Amino acid sequence: MSKRNRATDYAAELEKEYARWDEVFTRGGSDPFWTDGVNLELTRNHILHYKEQLAKQDNSLFGLPDIYYRETPPEVDPNYMARPDEIRENARKAMKIIDADENLKFVREQAPHLSEAQYKQFCIAAVINYAENLRRAIAEDDLIIMRRYENPERYLESFEAAAQRIINPECTRRINDNLTICDPENDEDFDEYSETEQDEEAEISEPEEDFQLRLF
């Protein structure tokens, strides 16, 4: 049976959406562009949709599953972010790590000496702006951006990759098959749903989410 023709287990989907709502509400998500409040509302809409589909089914034999009767989560302020104080503290720690990074210092020192082509090819503006973007987010209390930096290693890898490209311009874009210069936000950790789940939920009305956006 194809994925398109496979009957949806709405009770199982409800279980997953409730678990997801609980997780995002308490621990927060990893969406790089949207608040937890927006994603909670999206999940709430999924819950309402699956309950509606269950109610439409013929449940005369076994009745509706217990999960159907669980209280629907409340609406949440769209600006809501879970664990805000933890995000702020982690951002401050990440800022200290980034500011102390020797590779970033080297990139900044060498940037004025690069040709225009090298500056663009090595993504120097983006690499330098990673630090300034976090500094600005801390000053403006932008929790969404600050949360991106809770794992600063990806940025440190970009600094190292840029430094090595400056030292050896002939090296490949990926250094040691691990280090990429640009776009550490382009990370699979930010995928909120699997491809299968996205296909199955295509019929649900969702807010527009442009995941092609980039910081720089």
# chains A, B, ... in the order shown; residues from 1 in each chain; ligands from 1
$ closest_atom_pairs --of "stretch 54-141 of chain A" --to "stretch 35-45 of chain A" --cutoff "6 Å" --atoms "only C-alpha atoms" --output "JSON lines"
{"residue": "A:Val76", "atom": "CA", "partner": "A:Gly37", "partner_atom": "CA", "distance": 5.8}
{"residue": "A:Asp77", "atom": "CA", "partner": "A:Gly37", "partner_atom": "CA", "distance": 5.7}
{"residue": "A:Pro78", "atom": "CA", "partner": "A:Gly37", "partner_atom": "CA", "distance": 4.1}
{"residue": "A:Asn79", "atom": "CA", "partner": "A:Gly37", "partner_atom": "CA", "distance": 5.5}
{"residue": "A:Tyr80", "atom": "CA", "partner": "A:Gly37", "partner_atom": "CA", "distance": 4.6}
{"residue": "A:Met81", "atom": "CA", "partner": "A:Asp36", "partner_atom": "CA", "distance": 5.1}
$ write_last_selection --atoms "all heavy atoms" --output "PDB file, in the first residue's frame"
ATOM      1  N   VAL A  76      -1.611  29.605  23.342  1.00  0.00           N
ATOM      2  CA  VAL A  76      -0.432  30.175  23.991  1.00  0.00           C
ATOM      3  C   VAL A  76      -0.052  31.460  23.278  1.00  0.00           C
ATOM      4  O   VAL A  76      -0.214  31.578  22.055  1.00  0.00           O
ATOM      5  CB  VAL A  76       0.742  29.166  23.958  1.00  0.00           C
ATOM      6  CG1 VAL A  76       2.005  29.777  24.536  1.00  0.00           C
ATOM      7  CG2 VAL A  76       0.381  27.903  24.722  1.00  0.00           C
ATOM      8  N   ASP A  77       0.463  32.401  24.047  1.00  0.00           N
ATOM      9  CA  ASP A  77       0.963  33.653  23.460  1.00  0.00           C
ATOM     10  C   ASP A  77       1.955  33.311  22.351  1.00  0.00           C
ATOM     11  O   ASP A  77       2.896  32.543  22.566  1.00  0.00           O
ATOM     12  CB  ASP A  77       1.662  34.469  24.549  1.00  0.00           C
ATOM     13  CG  ASP A  77       2.088  35.858  24.084  1.00  0.00           C
ATOM     14  OD1 ASP A  77       2.482  36.003  22.906  1.00  0.00           O
ATOM     15  OD2 ASP A  77       2.054  36.785  24.891  1.00  0.00           O
ATOM     16  N   PRO A  78       1.770  33.866  21.155  1.00  0.00           N
ATOM     17  CA  PRO A  78       2.688  33.541  20.046  1.00  0.00           C
ATOM     18  C   PRO A  78       4.133  33.923  20.326  1.00  0.00           C
ATOM     19  O   PRO A  78       5.038  33.404  19.677  1.00  0.00           O
ATOM     20  CB  PRO A  78       2.125  34.324  18.858  1.00  0.00           C
ATOM     21  CG  PRO A  78       1.238  35.368  19.463  1.00  0.00           C
ATOM     22  CD  PRO A  78       0.690  34.783  20.721  1.00  0.00           C
ATOM     23  N   ASN A  79       4.375  34.805  21.288  1.00  0.00           N
ATOM     24  CA  ASN A  79       5.739  35.198  21.636  1.00  0.00           C
ATOM     25  C   ASN A  79       6.351  34.301  22.704  1.00  0.00           C
ATOM     26  O   ASN A  79       7.509  34.512  23.098  1.00  0.00           O
ATOM     27  CB  ASN A  79       5.762  36.649  22.136  1.00  0.00           C
ATOM     28  CG  ASN A  79       5.387  37.637  21.052  1.00  0.00           C
ATOM     29  OD1 ASN A  79       5.840  37.515  19.918  1.00  0.00           O
ATOM     30  ND2 ASN A  79       4.545  38.600  21.372  1.00  0.00           N
ATOM     31  N   TYR A  80       5.615  33.290  23.137  1.00  0.00           N
ATOM     32  CA  TYR A  80       6.100  32.423  24.219  1.00  0.00           C
ATOM     33  C   TYR A  80       7.359  31.663  23.806  1.00  0.00           C
ATOM     34  O   TYR A  80       7.451  31.134  22.696  1.00  0.00           O
ATOM     35  CB  TYR A  80       5.014  31.417  24.608  1.00  0.00           C
ATOM     36  CG  TYR A  80       5.481  30.352  25.573  1.00  0.00           C
ATOM     37  CD1 TYR A  80       5.601  30.628  26.928  1.00  0.00           C
ATOM     38  CD2 TYR A  80       5.814  29.068  25.121  1.00  0.00           C
ATOM     39  CE1 TYR A  80       6.035  29.658  27.821  1.00  0.00           C
ATOM     40  CE2 TYR A  80       6.244  28.097  26.004  1.00  0.00           C
ATOM     41  CZ  TYR A  80       6.363  28.396  27.351  1.00  0.00           C
ATOM     42  OH  TYR A  80       6.802  27.427  28.224  1.00  0.00           O
ATOM     43  N   MET A  81       8.323  31.643  24.716  1.00  0.00           N
ATOM     44  CA  MET A  81       9.519  30.826  24.542  1.00  0.00           C
ATOM     45  C   MET A  81       9.775  30.080  25.854  1.00  0.00           C
ATOM     46  O   MET A  81       9.755  30.682  26.935  1.00  0.00           O
ATOM     47  CB  MET A  81      10.727  31.693  24.212  1.00  0.00           C
ATOM     48  CG  MET A  81      10.695  32.315  22.821  1.00  0.00           C
ATOM     49  SD  MET A  81      11.002  31.120  21.499  1.00  0.00           S
ATOM     50  CE  MET A  81      12.772  30.886  21.655  1.00  0.00           C
TER      51      MET A  81
END
$ residues_around --residues "stretch 12-17 of chain A" --least-positions-apart "4" --cutoff "12 Å" --atoms "only C-alpha atoms" --output "JSON, numbers by chain"
{"A": [7, 8, 21, 22, 23, 24, 25, 39, 40, 41, 42, 43, 44, 45, 46, 47, 48, 49, 50, 51, 52, 53, 54, 65, 66, 67, 68, 69, 70, 71, 72, 73, 192, 193, 197, 200, 201]}
$ residues_around --residues "A:Gln118" --least-positions-apart "2" --cutoff "12 Å" --atoms "only C-alpha atoms" --output "MDAnalysis selection string"
chainID A and resid 110:116 120:125 162 165:170
$ residues_around --residues "stretch 84-88 of chain A" --least-positions-apart "2" --cutoff "12 Å" --atoms "only C-alpha atoms" --output "PyMOL selection string"
chain A and resi 25-30+35-36+79-82+90-95+134-135+137-151
$ closest_residue --among "A:Tyr10, A:Tyr130, A:Phe159, A:Phe106" --to "A:Ala55" --atoms "only C-alpha atoms"
A:Tyr10
$ select_by_dssp --residues "stretch 48-82 of chain A" --states "helix (DSSP H, G or I)" --output "list in words"
Leu48, His49, Tyr50, Lys51, Glu52, Gln53, Leu54, Ala55, Lys56, Asp66, Ile67, Tyr68 and Tyr69 of chain A
$ write_last_selection --atoms "all heavy atoms" --output "compact mmCIF listing (two decimals), in the first residue's frame"
# COMPACT_ATOMS: atom_id res chain seq x y z
N LEU A 48 -6.44 19.41 17.08
CA LEU A 48 -7.85 19.65 16.75
C LEU A 48 -8.24 18.93 15.46
O LEU A 48 -9.33 18.37 15.35
CB LEU A 48 -8.09 21.16 16.59
CG LEU A 48 -8.01 21.98 17.88
CD1 LEU A 48 -8.04 23.47 17.56
CD2 LEU A 48 -9.14 21.61 18.84
N HIS A 49 -7.32 18.93 14.51
CA HIS A 49 -7.59 18.25 13.24
C HIS A 49 -7.77 16.75 13.44
O HIS A 49 -8.73 16.16 12.93
CB HIS A 49 -6.45 18.52 12.26
CG HIS A 49 -6.52 17.70 11.02
ND1 HIS A 49 -7.37 17.99 9.97
CD2 HIS A 49 -5.83 16.59 10.64
CE1 HIS A 49 -7.23 17.09 9.01
NE2 HIS A 49 -6.29 16.24 9.39
N TYR A 50 -6.86 16.13 14.19
CA TYR A 50 -6.96 14.68 14.39
C TYR A 50 -8.18 14.31 15.22
O TYR A 50 -8.81 13.26 14.99
CB TYR A 50 -5.68 14.17 15.05
CG TYR A 50 -4.47 14.26 14.14
CD1 TYR A 50 -3.24 14.72 14.61
CD2 TYR A 50 -4.55 13.88 12.80
CE1 TYR A 50 -2.14 14.82 13.78
CE2 TYR A 50 -3.46 13.97 11.97
CZ TYR A 50 -2.25 14.44 12.45
OH TYR A 50 -1.16 14.54 11.62
N LYS A 51 -8.55 15.13 16.17
CA LYS A 51 -9.78 14.87 16.93
C LYS A 51 -11.00 14.94 16.01
O LYS A 51 -11.92 14.11 16.11
CB LYS A 51 -9.92 15.88 18.07
CG LYS A 51 -9.02 15.60 19.26
CD LYS A 51 -9.40 16.48 20.45
CE LYS A 51 -8.61 16.08 21.68
NZ LYS A 51 -9.05 16.78 22.90
N GLU A 52 -10.99 15.91 15.12
CA GLU A 52 -12.09 16.04 14.17
C GLU A 52 -12.19 14.82 13.27
O GLU A 52 -13.29 14.31 13.00
CB GLU A 52 -11.90 17.30 13.34
CG GLU A 52 -13.00 17.53 12.31
CD GLU A 52 -12.74 18.77 11.47
OE1 GLU A 52 -11.73 19.46 11.72
OE2 GLU A 52 -13.54 19.04 10.55
N GLN A 53 -11.03 14.33 12.80
CA GLN A 53 -11.04 13.15 11.95
C GLN A 53 -11.51 11.90 12.70
O GLN A 53 -12.22 11.07 12.14
CB GLN A 53 -9.63 12.92 11.38
CG GLN A 53 -9.16 14.03 10.44
CD GLN A 53 -10.12 14.26 9.29
OE1 GLN A 53 -10.54 13.33 8.61
NE2 GLN A 53 -10.47 15.54 9.08
N LEU A 54 -11.10 11.77 13.95
CA LEU A 54 -11.55 10.63 14.76
C LEU A 54 -13.06 10.68 14.95
O LEU A 54 -13.74 9.64 14.88
CB LEU A 54 -10.86 10.64 16.12
CG LEU A 54 -9.48 10.00 16.19
CD1 LEU A 54 -8.84 10.26 17.55
CD2 LEU A 54 -9.56 8.49 15.93
N ALA A 55 -13.60 11.86 15.19
CA ALA A 55 -15.04 11.99 15.42
C ALA A 55 -15.83 11.64 14.17
O ALA A 55 -16.98 11.19 14.27
CB ALA A 55 -15.36 13.41 15.86
N LYS A 56 -15.22 11.81 13.01
CA LYS A 56 -15.91 11.51 11.75
C LYS A 56 -15.94 10.01 11.46
O LYS A 56 -16.75 9.55 10.66
CB LYS A 56 -15.22 12.23 10.59
CG LYS A 56 -15.43 13.74 10.59
CD LYS A 56 -14.69 14.36 9.40
CE LYS A 56 -14.88 15.87 9.36
NZ LYS A 56 -14.15 16.48 8.21
N ASP A 66 -9.11 6.73 24.30
CA ASP A 66 -8.98 7.59 25.47
C ASP A 66 -8.31 8.92 25.15
O ASP A 66 -8.66 9.96 25.71
CB ASP A 66 -8.18 6.87 26.57
CG ASP A 66 -8.95 5.70 27.17
OD1 ASP A 66 -10.20 5.66 26.99
OD2 ASP A 66 -8.32 4.83 27.80
N ILE A 67 -7.33 8.89 24.24
CA ILE A 67 -6.58 10.10 23.94
C ILE A 67 -7.50 11.18 23.37
O ILE A 67 -7.22 12.38 23.51
CB ILE A 67 -5.43 9.79 22.94
CG1 ILE A 67 -4.49 11.00 22.80
CG2 ILE A 67 -5.98 9.37 21.58
CD1 ILE A 67 -3.77 11.37 24.05
N TYR A 68 -8.60 10.78 22.77
CA TYR A 68 -9.55 11.75 22.21
C TYR A 68 -10.10 12.67 23.29
O TYR A 68 -10.38 13.84 23.05
CB TYR A 68 -10.69 11.02 21.50
CG TYR A 68 -11.76 11.93 20.95
CD1 TYR A 68 -11.64 12.52 19.70
CD2 TYR A 68 -12.91 12.23 21.71
CE1 TYR A 68 -12.63 13.37 19.21
CE2 TYR A 68 -13.90 13.07 21.22
CZ TYR A 68 -13.75 13.64 19.97
OH TYR A 68 -14.72 14.48 19.49
N TYR A 69 -10.26 12.12 24.49
CA TYR A 69 -10.88 12.86 25.57
C TYR A 69 -9.89 13.68 26.40
O TYR A 69 -10.29 14.38 27.32
CB TYR A 69 -11.64 11.90 26.49
CG TYR A 69 -12.77 11.19 25.79
CD1 TYR A 69 -12.62 9.87 25.34
CD2 TYR A 69 -13.97 11.85 25.51
CE1 TYR A 69 -13.65 9.23 24.67
CE2 TYR A 69 -15.00 11.20 24.84
CZ TYR A 69 -14.83 9.90 24.42
OH TYR A 69 -15.84 9.28 23.75
$ atom_distance --atom1 "atom CA of A:Ala131" --atom2 "atom CA of A:Val107"
12.0 Å
$ decode --residues "stretch 71-85 of chain A" --atoms "all heavy atoms" --output "CSV table (one decimal), in the first residue's frame"
chain,number,residue,atom,x,y,z
A,71,GLU,N,-7.8,16.8,27.4
A,71,GLU,CA,-8.1,18.2,27.2
A,71,GLU,C,-7.2,18.8,26.1
A,71,GLU,O,-6.0,18.5,26.1
A,71,GLU,CB,-7.9,18.9,28.5
A,71,GLU,CG,-8.3,20.4,28.4
A,71,GLU,CD,-8.1,21.1,29.7
A,71,GLU,OE1,-7.8,20.5,30.7
A,71,GLU,OE2,-8.4,22.3,29.8
A,72,THR,N,-7.8,19.5,25.2
A,72,THR,CA,-7.0,20.2,24.2
A,72,THR,C,-6.1,21.2,24.8
A,72,THR,O,-6.6,22.0,25.7
A,72,THR,CB,-8.0,20.8,23.2
A,72,THR,OG1,-8.8,19.8,22.5
A,72,THR,CG2,-7.2,21.6,22.1
A,73,PRO,N,-4.9,21.3,24.4
A,73,PRO,CA,-4.0,22.3,25.0
A,73,PRO,C,-4.5,23.7,24.8
A,73,PRO,O,-5.2,24.0,23.8
A,73,PRO,CB,-2.7,22.1,24.3
A,73,PRO,CG,-2.7,20.7,23.8
A,73,PRO,CD,-4.2,20.4,23.5
A,74,PRO,N,-4.3,24.6,25.8
A,74,PRO,CA,-4.8,26.0,25.6
A,74,PRO,C,-4.0,26.7,24.5
A,74,PRO,O,-2.9,26.3,24.1
A,74,PRO,CB,-4.5,26.6,27.0
A,74,PRO,CG,-3.3,25.8,27.5
A,74,PRO,CD,-3.4,24.4,27.0
A,75,GLU,N,-4.6,27.8,24.1
A,75,GLU,CA,-3.8,28.7,23.2
A,75,GLU,C,-2.7,29.4,24.0
A,75,GLU,O,-2.9,29.7,25.2
A,75,GLU,CB,-4.8,29.8,22.6
A,75,GLU,CG,-5.8,29.2,21.7
A,75,GLU,CD,-6.6,30.2,21.0
A,75,GLU,OE1,-6.1,30.9,20.1
A,75,GLU,OE2,-7.8,30.4,21.4
A,76,VAL,N,-1.6,29.6,23.3
A,76,VAL,CA,-0.4,30.2,24.0
A,76,VAL,C,-0.1,31.5,23.3
A,76,VAL,O,-0.2,31.6,22.1
A,76,VAL,CB,0.7,29.2,24.0
A,76,VAL,CG1,2.0,29.8,24.5
A,76,VAL,CG2,0.4,27.9,24.7
A,77,ASP,N,0.5,32.4,24.0
A,77,ASP,CA,1.0,33.7,23.5
A,77,ASP,C,2.0,33.3,22.4
A,77,ASP,O,2.9,32.5,22.6
A,77,ASP,CB,1.7,34.5,24.5
A,77,ASP,CG,2.1,35.9,24.1
A,77,ASP,OD1,2.5,36.0,22.9
A,77,ASP,OD2,2.1,36.8,24.9
A,78,PRO,N,1.8,33.9,21.2
A,78,PRO,CA,2.7,33.5,20.0
A,78,PRO,C,4.1,33.9,20.3
A,78,PRO,O,5.0,33.4,19.7
A,78,PRO,CB,2.1,34.3,18.9
A,78,PRO,CG,1.2,35.4,19.5
A,78,PRO,CD,0.7,34.8,20.7
A,79,ASN,N,4.4,34.8,21.3
A,79,ASN,CA,5.7,35.2,21.6
A,79,ASN,C,6.4,34.3,22.7
A,79,ASN,O,7.5,34.5,23.1
A,79,ASN,CB,5.8,36.6,22.1
A,79,ASN,CG,5.4,37.6,21.1
A,79,ASN,OD1,5.8,37.5,19.9
A,79,ASN,ND2,4.5,38.6,21.4
A,80,TYR,N,5.6,33.3,23.1
A,80,TYR,CA,6.1,32.4,24.2
A,80,TYR,C,7.4,31.7,23.8
A,80,TYR,O,7.5,31.1,22.7
A,80,TYR,CB,5.0,31.4,24.6
A,80,TYR,CG,5.5,30.4,25.6
A,80,TYR,CD1,5.6,30.6,26.9
A,80,TYR,CD2,5.8,29.1,25.1
A,80,TYR,CE1,6.0,29.7,27.8
A,80,TYR,CE2,6.2,28.1,26.0
A,80,TYR,CZ,6.4,28.4,27.4
A,80,TYR,OH,6.8,27.4,28.2
A,81,MET,N,8.3,31.6,24.7
A,81,MET,CA,9.5,30.8,24.5
A,81,MET,C,9.8,30.1,25.9
A,81,MET,O,9.8,30.7,26.9
A,81,MET,CB,10.7,31.7,24.2
A,81,MET,CG,10.7,32.3,22.8
A,81,MET,SD,11.0,31.1,21.5
A,81,MET,CE,12.8,30.9,21.7
A,82,ALA,N,10.0,28.8,25.8
A,82,ALA,CA,10.3,28.0,26.9
A,82,ALA,C,11.7,28.3,27.4
A,82,ALA,O,12.6,28.8,26.7
A,82,ALA,CB,10.2,26.5,26.6
A,83,ARG,N,11.9,28.1,28.7
A,83,ARG,CA,13.2,28.3,29.4
A,83,ARG,C,14.0,29.5,29.0
A,83,ARG,O,15.2,29.4,28.6
A,83,ARG,CB,14.1,27.0,29.3
A,83,ARG,CG,14.4,26.5,27.9
A,83,ARG,CD,15.1,25.2,27.9
A,83,ARG,NE,15.5,24.9,26.5
A,83,ARG,CZ,16.5,25.4,25.9
A,83,ARG,NH1,17.4,26.1,26.6
A,83,ARG,NH2,16.8,25.1,24.6
A,84,PRO,N,13.4,30.7,29.0
A,84,PRO,CA,14.1,31.9,28.6
A,84,PRO,C,15.4,32.2,29.3
A,84,PRO,O,16.3,32.7,28.7
A,84,PRO,CB,13.0,33.0,28.7
A,84,PRO,CG,12.1,32.4,29.8
A,84,PRO,CD,12.1,31.0,29.5
A,85,ASP,N,15.3,32.0,30.6
A,85,ASP,CA,16.5,32.4,31.4
A,85,ASP,C,17.7,31.5,31.0
A,85,ASP,O,18.9,31.9,31.0
A,85,ASP,CB,16.2,32.3,32.9
A,85,ASP,CG,15.3,33.4,33.4
A,85,ASP,OD1,15.2,34.4,32.7
A,85,ASP,OD2,14.6,33.2,34.4
